[in-house]
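Below is one structure, written out as C-alpha cells, with a few remarks after it.
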Amino acid sequence: GGQVPDTPRQDVMPHLQEGLLSRQLGAGRGQLFVQPRLGPDGLLMDDVLGRGWRWVSDGHLNWHEIPAKWTHCDLQSNAHELDGVAQAWLQKHQVHAALIRPDHHVFGVASTATEAKQLKQEWLEWFVEST
C-alpha cells in the first residue's frame, strides 16, 4: 500500500543471549527495553530517571528491597506514564517488574517478590565479583 509501518527498535534489534544478564530465563530478558514518556511534560524515561540501573514495576509486587543504586520507576505511583508502552511491555511478557541495565537492555524480569529477590541477589553477585 506504499506505507512503511512504524517498527519499534525493540522489534528489530537482536536480544542479548549472554553476558551481564540474569540466570533466570524470563520473557524479555536480554531485550532492549522500551522508552516511555513520563510525567506531565512527557519526557523520555532516560531524561527523568537518568541512565543508571532502573527497576520498572507496575505496582503489583509487594517487594521493597530495592538497592540504592537502582532508580525505582513504579508506573502506578511515582511515574505517570503518558503512552502506556512500559505497562504494555510488562503485560506482554507477563511480568510485574524489569531490571533495566544502563544500556537499556533488560537484565531480568520478575513476576513475584521471590523472583525480584533473586534478581537483586544475582545483581549483587555480579558487582561483588567484579570489584
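By convention in this document, the chains of the C-alpha cells carry letters A, B, ... by their order, each chain's residues are numbered from 1, and ligands are numbered from 1 in the order they are shown.
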
Could you go through chain A and tell me which residues DSSP, when run on the backbone, assigns to helix (DSSP H, G or I), listing them as an NGL selection string? :A and (9-12 or 45-49 or 85-92 or 113-129)

Prev. selection, N, CA, C and O atoms, output as a compact mmCIF listing (two decimals), in the first residue's frame:
```txt
# COMPACT_ATOMS: atom_id res chain seq x y z
N ARG A 9 12.23 -0.05 17.73
CA ARG A 9 13.60 -0.57 17.67
C ARG A 9 13.73 -1.89 18.41
O ARG A 9 14.57 -2.71 18.06
N GLN A 10 12.91 -2.12 19.44
CA GLN A 10 12.97 -3.36 20.20
C GLN A 10 12.64 -4.57 19.32
O GLN A 10 13.08 -5.67 19.60
N ASP A 11 11.86 -4.36 18.27
CA ASP A 11 11.43 -5.47 17.42
C ASP A 11 12.46 -5.84 16.36
O ASP A 11 12.36 -6.89 15.74
N VAL A 12 13.44 -4.98 16.14
CA VAL A 12 14.42 -5.27 15.09
C VAL A 12 15.82 -5.54 15.63
O VAL A 12 16.65 -6.10 14.93
N MET A 45 11.92 8.47 29.58
CA MET A 45 12.32 7.86 30.84
C MET A 45 13.77 8.17 31.19
O MET A 45 14.09 8.48 32.33
N ASP A 46 14.66 8.10 30.21
CA ASP A 46 16.08 8.40 30.46
C ASP A 46 16.28 9.81 30.98
O ASP A 46 17.12 10.05 31.85
N ASP A 47 15.53 10.75 30.46
CA ASP A 47 15.67 12.14 30.87
C ASP A 47 15.12 12.38 32.28
O ASP A 47 15.57 13.26 32.99
N VAL A 48 14.14 11.57 32.68
CA VAL A 48 13.54 11.71 34.00
C VAL A 48 14.34 10.94 35.05
O VAL A 48 14.63 11.44 36.13
N LEU A 49 14.73 9.70 34.72
CA LEU A 49 15.35 8.81 35.71
C LEU A 49 16.86 8.68 35.59
O LEU A 49 17.49 8.08 36.44
N VAL A 85 3.54 2.44 27.00
CA VAL A 85 4.39 1.44 26.36
C VAL A 85 5.10 0.55 27.37
O VAL A 85 5.29 -0.64 27.13
N ALA A 86 5.51 1.09 28.53
CA ALA A 86 6.17 0.26 29.54
C ALA A 86 5.18 -0.71 30.16
O ALA A 86 5.48 -1.89 30.34
N GLN A 87 3.99 -0.22 30.46
CA GLN A 87 2.94 -1.08 31.02
C GLN A 87 2.60 -2.19 30.02
O GLN A 87 2.47 -3.35 30.40
N ALA A 88 2.49 -1.85 28.76
CA ALA A 88 2.19 -2.85 27.72
C ALA A 88 3.32 -3.87 27.61
O ALA A 88 3.07 -5.06 27.41
N TRP A 89 4.57 -3.42 27.73
CA TRP A 89 5.72 -4.33 27.66
C TRP A 89 5.66 -5.33 28.81
O TRP A 89 5.84 -6.53 28.59
N LEU A 90 5.40 -4.86 30.02
CA LEU A 90 5.30 -5.76 31.18
C LEU A 90 4.16 -6.76 30.98
O LEU A 90 4.33 -7.96 31.24
N GLN A 91 3.02 -6.29 30.52
CA GLN A 91 1.88 -7.18 30.29
C GLN A 91 2.17 -8.20 29.20
O GLN A 91 1.84 -9.38 29.33
N LYS A 92 2.81 -7.76 28.12
CA LYS A 92 3.15 -8.65 27.01
C LYS A 92 4.03 -9.81 27.49
O LYS A 92 3.87 -10.95 27.05
N ALA A 113 7.63 -11.56 44.24
CA ALA A 113 8.63 -10.97 45.13
C ALA A 113 9.84 -11.88 45.26
O ALA A 113 10.98 -11.41 45.36
N THR A 114 9.63 -13.18 45.22
CA THR A 114 10.76 -14.14 45.28
C THR A 114 11.67 -13.97 44.08
O THR A 114 12.89 -13.94 44.21
N GLU A 115 11.10 -13.82 42.89
CA GLU A 115 11.90 -13.61 41.69
C GLU A 115 12.63 -12.27 41.76
O GLU A 115 13.78 -12.16 41.32
N ALA A 116 11.98 -11.25 42.31
CA ALA A 116 12.63 -9.95 42.46
C ALA A 116 13.84 -10.07 43.39
O ALA A 116 14.91 -9.52 43.12
N LYS A 117 13.67 -10.79 44.48
CA LYS A 117 14.77 -11.01 45.43
C LYS A 117 15.93 -11.76 44.76
O LYS A 117 17.09 -11.43 44.98
N GLN A 118 15.60 -12.74 43.92
CA GLN A 118 16.64 -13.49 43.19
C GLN A 118 17.39 -12.57 42.23
O GLN A 118 18.61 -12.66 42.10
N LEU A 119 16.67 -11.67 41.55
CA LEU A 119 17.32 -10.72 40.65
C LEU A 119 18.29 -9.83 41.41
O LEU A 119 19.42 -9.58 40.97
N LYS A 120 17.85 -9.34 42.56
CA LYS A 120 18.71 -8.49 43.37
C LYS A 120 19.97 -9.26 43.77
O LYS A 120 21.08 -8.72 43.69
N GLN A 121 19.81 -10.51 44.19
CA GLN A 121 20.96 -11.31 44.60
C GLN A 121 21.93 -11.53 43.43
O GLN A 121 23.14 -11.41 43.59
N GLU A 122 21.41 -11.83 42.27
CA GLU A 122 22.26 -12.01 41.09
C GLU A 122 23.00 -10.73 40.75
O GLU A 122 24.18 -10.75 40.42
N TRP A 123 22.30 -9.60 40.82
CA TRP A 123 22.92 -8.31 40.54
C TRP A 123 24.06 -8.05 41.52
O TRP A 123 25.14 -7.62 41.14
N LEU A 124 23.80 -8.32 42.81
CA LEU A 124 24.84 -8.15 43.82
C LEU A 124 26.05 -9.04 43.54
O LEU A 124 27.20 -8.62 43.70
N GLU A 125 25.79 -10.28 43.12
CA GLU A 125 26.89 -11.20 42.80
C GLU A 125 27.76 -10.65 41.66
O GLU A 125 28.97 -10.75 41.71
N TRP A 126 27.14 -10.09 40.64
CA TRP A 126 27.91 -9.53 39.53
C TRP A 126 28.83 -8.43 40.02
O TRP A 126 29.98 -8.34 39.62
N PHE A 127 28.34 -7.59 40.89
CA PHE A 127 29.12 -6.43 41.29
C PHE A 127 30.08 -6.72 42.44
O PHE A 127 31.10 -6.05 42.55
N VAL A 128 29.81 -7.73 43.26
CA VAL A 128 30.77 -8.13 44.28
C VAL A 128 31.94 -8.84 43.61
O VAL A 128 33.10 -8.61 43.94
N GLU A 129 31.66 -9.68 42.61
CA GLU A 129 32.70 -10.41 41.90
C GLU A 129 33.59 -9.48 41.07
O GLU A 129 34.76 -9.72 40.89
```

Spatial neighbours of His72 in chain A, 9 Å, only C-alpha atoms, chain gap at least 6 places, as a PyMOL selection string: chain A and resi 49+53-57+66+78

Residue nearest Pro36 in chain A - candidates A:His93, A:His105, A:Lys69, A:His80, atoms counted: only C-alpha atoms: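 Checking each of A:His93, A:His105, A:Lys69, A:His80 against Pro36 in chain A, counting only C-alpha atoms, the winner is A:His80.
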
Could you name the residues that touch Leu61 in chain A at 9 Å or less, counting only C-alpha atoms, but leaving out those on the same chain fewer than 2 positions away, as a count of residues only? 12

Please, which residues of chain A, numbered as in this document, come out strand (DSSP E or B) from DSSP, as a list in words?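 Result set for chain A (strand (DSSP E or B)): Leu32, Arg37, Leu38, Leu43, Leu44, Trp53, Arg54, Trp55, Val56, Ser57, Trp70, Thr71, His72, Cys73, Asp74, Glu81, Ala97, Ala98, Leu99, Ile100, His105, Val106, Phe107, Gly108, Val109 and Ala110 of chain A.
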
Just the number, please: distance in Å from CA of Pro67 in chain A to CA of Arg23 in chain A, one decimal.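 We find that CA of Pro67 in chain A and CA of Arg23 in chain A lie 19.0 Å from each other.
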
If I take CA of Gly39 in chain A and CA of Thr71 in chain A, how far is one from the other in Å, to one decimal?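 Result for CA of Gly39 in chain A versus CA of Thr71 in chain A: 15.5 Å, one decimal.
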